[in-house]
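Trainee: My questions will all concern the structure given below.
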Amino acid sequence: MSKIYSYLKQILLYLVLIVYIFLLAKILLFKYVSPFELFSVERIATRTYNLIPFKSIYEYLFSTHLAIIFALTNVVGNIIIFIPLGMYLQVFKRNKKIFDCITLICVISLCVEVTQYILGIGAFDIDDIILNTMGGLLGIFIYKIIYLVLKEENKTREAITFFFCTIGVCCLVLIKLSGLRIRI
């Protein structure tokens, strides 16, 4: 019974990770275009970029013509979406050095931004890399706090899996209650 329970926990951990990766791809790469429309000749690709650090963040937070909800969604959303990545890197990497994980998060974010630019499905923005890296760092710190409290790797994995499953179920319930239709 104990081995089966252990395997089920492991499967759930990987299943939640896979759902997170698909959600990340949907939000970061396929927000405006589906994978099937990506190489359509009818699609118009737009390519914009910002290489000045904190320019977009400043515009989002202090511009009078942008809705505050849009600004906060963009800034906070870029942080929140990478928190699980920081936590999962701590769960799965043997080398749990913070600098190595931050570097990997930064490289992943850079790859996403370059992909958005090349495919014309979003803007390359240095501020997104900064915010995504901050989110990943926050995820690393959350993992470290959970590990300090639980003092055991397996219990920390279980807590993280339970946390993300709970968040996922709550999001699905909120989406269902709000009547929103999510296009996948």
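Labels used: A, B, ... for chains in the order of the structure tokens, numbers from 1 for residues in each chain, and numbers from 1 for ligands as shown.
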Name the residues of region 43-161 of chain A that fall into strand (DSSP E or B) according to DSSP on the backbone, using the chain letters and numbers of this document, as a list in words.
Mentor: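 Put together, the selection reads Thr46, Tyr49, Asn50, Ile121, Phe124 and Asp125 of chain A.
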Trainee: Any idea what's packed within 12 Å of Phe39 (chain A), counting only C-alpha atoms, ignoring anything in its chain fewer than 3 positions away? Could you give it as a PDB file with N, CA, C and O atoms, in the first residue's frame?
Mentor:
```pdb
ATOM      1  N   VAL A  33      -2.739  33.724 -30.397  1.00  0.00           N
ATOM      2  CA  VAL A  33      -2.824  32.871 -31.579  1.00  0.00           C
ATOM      3  C   VAL A  33      -2.707  31.413 -31.130  1.00  0.00           C
ATOM      4  O   VAL A  33      -1.962  31.100 -30.212  1.00  0.00           O
ATOM      5  N   SER A  34      -3.469  30.547 -31.773  1.00  0.00           N
ATOM      6  CA  SER A  34      -3.384  29.133 -31.419  1.00  0.00           C
ATOM      7  C   SER A  34      -2.172  28.511 -32.116  1.00  0.00           C
ATOM      8  O   SER A  34      -1.688  29.042 -33.115  1.00  0.00           O
ATOM      9  N   PRO A  35      -1.709  27.376 -31.630  1.00  0.00           N
ATOM     10  CA  PRO A  35      -0.575  26.713 -32.292  1.00  0.00           C
ATOM     11  C   PRO A  35      -0.871  26.372 -33.748  1.00  0.00           C
ATOM     12  O   PRO A  35       0.022  26.349 -34.582  1.00  0.00           O
ATOM     13  N   PHE A  36      -2.150  26.142 -34.069  1.00  0.00           N
ATOM     14  CA  PHE A  36      -2.529  25.780 -35.429  1.00  0.00           C
ATOM     15  C   PHE A  36      -2.492  26.984 -36.368  1.00  0.00           C
ATOM     16  O   PHE A  36      -2.312  26.839 -37.564  1.00  0.00           O
ATOM     17  N   GLU A  42      -2.213  33.814 -43.505  1.00  0.00           N
ATOM     18  CA  GLU A  42      -3.163  34.893 -43.277  1.00  0.00           C
ATOM     19  C   GLU A  42      -2.891  35.666 -41.997  1.00  0.00           C
ATOM     20  O   GLU A  42      -3.390  36.767 -41.808  1.00  0.00           O
ATOM     21  N   ARG A  43      -2.099  35.100 -41.110  1.00  0.00           N
ATOM     22  CA  ARG A  43      -1.812  35.740 -39.832  1.00  0.00           C
ATOM     23  C   ARG A  43      -0.800  36.861 -40.016  1.00  0.00           C
ATOM     24  O   ARG A  43       0.182  36.728 -40.729  1.00  0.00           O
ATOM     25  N   ILE A  44      -1.050  37.971 -39.352  1.00  0.00           N
ATOM     26  CA  ILE A  44      -0.117  39.102 -39.394  1.00  0.00           C
ATOM     27  C   ILE A  44       0.736  39.051 -38.131  1.00  0.00           C
ATOM     28  O   ILE A  44       0.224  39.125 -37.019  1.00  0.00           O
ATOM     29  N   ALA A  45       2.031  38.915 -38.326  1.00  0.00           N
ATOM     30  CA  ALA A  45       2.953  38.864 -37.194  1.00  0.00           C
ATOM     31  C   ALA A  45       3.415  40.278 -36.869  1.00  0.00           C
ATOM     32  O   ALA A  45       3.761  41.051 -37.748  1.00  0.00           O
ATOM     33  N   ILE A 118      10.473  36.334 -32.429  1.00  0.00           N
ATOM     34  CA  ILE A 118      10.734  35.662 -33.708  1.00  0.00           C
ATOM     35  C   ILE A 118       9.427  35.242 -34.389  1.00  0.00           C
ATOM     36  O   ILE A 118       9.256  35.436 -35.589  1.00  0.00           O
ATOM     37  N   LEU A 119       8.503  34.677 -33.609  1.00  0.00           N
ATOM     38  CA  LEU A 119       7.243  34.201 -34.185  1.00  0.00           C
ATOM     39  C   LEU A 119       6.202  35.307 -34.333  1.00  0.00           C
ATOM     40  O   LEU A 119       5.137  35.081 -34.901  1.00  0.00           O
ATOM     41  N   GLY A 120       6.508  36.497 -33.827  1.00  0.00           N
ATOM     42  CA  GLY A 120       5.571  37.613 -33.939  1.00  0.00           C
ATOM     43  C   GLY A 120       4.300  37.401 -33.151  1.00  0.00           C
ATOM     44  O   GLY A 120       3.213  37.778 -33.584  1.00  0.00           O
ATOM     45  N   ILE A 121       4.425  36.802 -31.961  1.00  0.00           N
ATOM     46  CA  ILE A 121       3.246  36.502 -31.139  1.00  0.00           C
ATOM     47  C   ILE A 121       3.254  37.273 -29.826  1.00  0.00           C
ATOM     48  O   ILE A 121       2.473  36.984 -28.927  1.00  0.00           O
TER      49      ILE A 121
END
```
Trainee: Env of Pro53 (chain A): 12 Å cut, atoms = only C-alpha atoms, seq-sep filter 3 positions within chain, self excluded. Answer as a list in words.
Mentor: Tyr49, Asn50, Ser56, Ile57, Tyr58, Glu59, Phe124, Asp125, Ile126, Asp127, Asp128, Ile129, Ile130 and Leu131 of chain A
Trainee: If you count only C-alpha atoms, which residues fall within 9 Å of region 23-32 of chain A, apart from same-chain ones fewer than 3 positions away, as a list in words?
Mentor: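 Counting only the stated atoms, we get Ile18, Val19, Tyr20, Pro35, Leu38, Ile81, Phe82, Val112, Glu113, Thr115, Gln116, Ile121, Gly122 and Ile184 of chain A.
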Trainee: Generate the output file for the selected residues, all heavy atoms, as a CSV table (one decimal), in the first residue's frame.
Mentor:
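For reference, selection.csv as written:
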```csv
chain,number,residue,atom,x,y,z
A,18,ILE,N,3.1,19.0,-15.6
A,18,ILE,CA,2.7,19.0,-17.0
A,18,ILE,C,1.6,20.1,-17.2
A,18,ILE,O,1.7,20.8,-18.2
A,18,ILE,CB,2.3,17.6,-17.5
A,18,ILE,CG1,3.6,16.7,-17.5
A,18,ILE,CG2,1.7,17.7,-18.8
A,18,ILE,CD1,3.3,15.2,-17.6
A,19,VAL,N,0.6,20.1,-16.4
A,19,VAL,CA,-0.4,21.1,-16.5
A,19,VAL,C,0.1,22.5,-16.4
A,19,VAL,O,-0.2,23.4,-17.2
A,19,VAL,CB,-1.5,20.8,-15.5
A,19,VAL,CG1,-2.5,22.0,-15.4
A,19,VAL,CG2,-2.3,19.5,-15.7
A,20,TYR,N,1.1,22.7,-15.5
A,20,TYR,CA,1.7,24.0,-15.4
A,20,TYR,C,2.4,24.4,-16.6
A,20,TYR,O,2.3,25.5,-17.1
A,20,TYR,CB,2.6,24.0,-14.2
A,20,TYR,CG,3.5,25.3,-14.2
A,20,TYR,CD1,3.0,26.5,-13.9
A,20,TYR,CD2,4.9,25.2,-14.4
A,20,TYR,CE1,3.8,27.7,-13.9
A,20,TYR,CE2,5.7,26.3,-14.4
A,20,TYR,CZ,5.2,27.5,-14.2
A,20,TYR,OH,6.0,28.6,-14.2
A,35,PRO,N,-1.7,27.4,-31.6
A,35,PRO,CA,-0.6,26.7,-32.3
A,35,PRO,C,-0.9,26.4,-33.7
A,35,PRO,O,0.0,26.3,-34.6
A,35,PRO,CB,-0.4,25.4,-31.5
A,35,PRO,CG,-1.0,25.7,-30.2
A,35,PRO,CD,-2.1,26.7,-30.4
A,38,LEU,N,-0.3,29.5,-36.0
A,38,LEU,CA,1.0,30.1,-35.9
A,38,LEU,C,1.7,30.3,-37.2
A,38,LEU,O,2.2,31.4,-37.4
A,38,LEU,CB,1.8,29.2,-35.0
A,38,LEU,CG,3.1,29.8,-34.4
A,38,LEU,CD1,2.8,31.0,-33.6
A,38,LEU,CD2,3.9,28.8,-33.6
A,81,ILE,N,3.2,34.0,-12.6
A,81,ILE,CA,3.3,32.9,-13.5
A,81,ILE,C,4.6,32.1,-13.4
A,81,ILE,O,4.7,30.9,-13.7
A,81,ILE,CB,3.0,33.3,-15.0
A,81,ILE,CG1,2.7,32.1,-15.9
A,81,ILE,CG2,4.2,34.1,-15.6
A,81,ILE,CD1,1.4,31.4,-15.5
A,82,PHE,N,5.7,32.8,-12.9
A,82,PHE,CA,7.0,32.1,-12.7
A,82,PHE,C,7.3,31.6,-11.3
A,82,PHE,O,8.3,30.9,-11.1
A,82,PHE,CB,8.1,33.0,-13.3
A,82,PHE,CG,8.4,32.8,-14.7
A,82,PHE,CD1,7.5,33.2,-15.7
A,82,PHE,CD2,9.5,32.1,-15.1
A,82,PHE,CE1,7.7,33.0,-17.0
A,82,PHE,CE2,9.8,31.9,-16.5
A,82,PHE,CZ,8.9,32.4,-17.4
A,112,VAL,N,11.6,32.5,-23.9
A,112,VAL,CA,10.2,32.8,-24.2
A,112,VAL,C,10.1,34.1,-24.9
A,112,VAL,O,9.4,34.2,-25.9
A,112,VAL,CB,9.4,32.8,-22.9
A,112,VAL,CG1,8.0,33.4,-23.1
A,112,VAL,CG2,9.3,31.4,-22.3
A,113,GLU,N,10.8,35.1,-24.5
A,113,GLU,CA,10.8,36.5,-25.1
A,113,GLU,C,11.3,36.4,-26.5
A,113,GLU,O,10.7,37.1,-27.4
A,113,GLU,CB,11.5,37.5,-24.2
A,113,GLU,CG,10.9,37.7,-22.9
A,113,GLU,CD,9.5,38.3,-22.9
A,113,GLU,OE1,9.3,39.3,-23.7
A,113,GLU,OE2,8.6,37.8,-22.2
A,115,THR,N,11.4,33.8,-28.5
A,115,THR,CA,10.4,33.1,-29.3
A,115,THR,C,9.2,34.0,-29.6
A,115,THR,O,8.7,33.9,-30.8
A,115,THR,CB,9.9,31.8,-28.5
A,115,THR,OG1,11.1,31.0,-28.2
A,115,THR,CG2,8.9,31.0,-29.3
A,116,GLN,N,8.7,34.7,-28.7
A,116,GLN,CA,7.6,35.6,-29.0
A,116,GLN,C,8.0,36.6,-30.1
A,116,GLN,O,7.2,36.9,-31.0
A,116,GLN,CB,7.2,36.4,-27.7
A,116,GLN,CG,6.5,35.7,-26.7
A,116,GLN,CD,6.2,36.5,-25.4
A,116,GLN,OE1,6.7,37.6,-25.2
A,116,GLN,NE2,5.3,36.0,-24.6
A,121,ILE,N,4.4,36.8,-32.0
A,121,ILE,CA,3.2,36.5,-31.1
A,121,ILE,C,3.3,37.3,-29.8
A,121,ILE,O,2.5,37.0,-28.9
A,121,ILE,CB,3.1,35.0,-30.9
A,121,ILE,CG1,4.4,34.4,-30.2
A,121,ILE,CG2,2.8,34.3,-32.1
A,121,ILE,CD1,4.3,33.0,-29.9
A,122,GLY,N,4.1,38.2,-29.7
A,122,GLY,CA,4.2,39.0,-28.5
A,122,GLY,C,5.4,39.9,-28.6
A,122,GLY,O,6.2,39.8,-29.5
A,184,ILE,N,-8.9,27.1,-25.3
A,184,ILE,CA,-7.6,26.3,-25.2
A,184,ILE,C,-7.1,25.9,-26.6
A,184,ILE,O,-7.9,25.6,-27.4
A,184,ILE,CB,-7.7,25.1,-24.3
A,184,ILE,CG1,-8.1,25.6,-22.9
A,184,ILE,CG2,-6.5,24.3,-24.3
A,184,ILE,CD1,-8.3,24.4,-21.9
```
Trainee: Quick one: residues within 12 Å of Gly139 (chain A), only C-alpha atoms counted, chain neighbours fewer than 3 positions away excluded, as a ChimeraX atom specification?
Mentor: /A:79-91,98,101-102,105,132-136,142-146,160
Trainee: Write down as an MDAnalysis selection string the residues belonging to region 21-147 of chain A that are assigned alpha helix (DSSP H) by DSSP computed on the backbone.
Mentor: chainID A and resid 21:28 55:62 68:80 83:92 98:119 126:147
Trainee: Show me a table, sorted first by chain and then by increasing residue number, of the residues of region 61-161 of chain A having an atom at most 8 Å from region 8-13 of chain A, each with its shortest atom pair and the distance in Å to one decimal, counting only C-alpha atoms and written as CSV.
Mentor:
```
residue,atom,partner,partner_atom,distance
A:Arg157,CA,A:Leu13,CA,7.7
A:Glu158,CA,A:Lys9,CA,7.2
A:Thr161,CA,A:Leu13,CA,5.5
```
Trainee: Which residues are near Leu61 (chain A)? Cut-off 8 Å, only C-alpha atoms, ignore same chain within fewer than 6 positions. Put them as a PyMOL selection string.
Mentor: chain A and resi 68+71-72
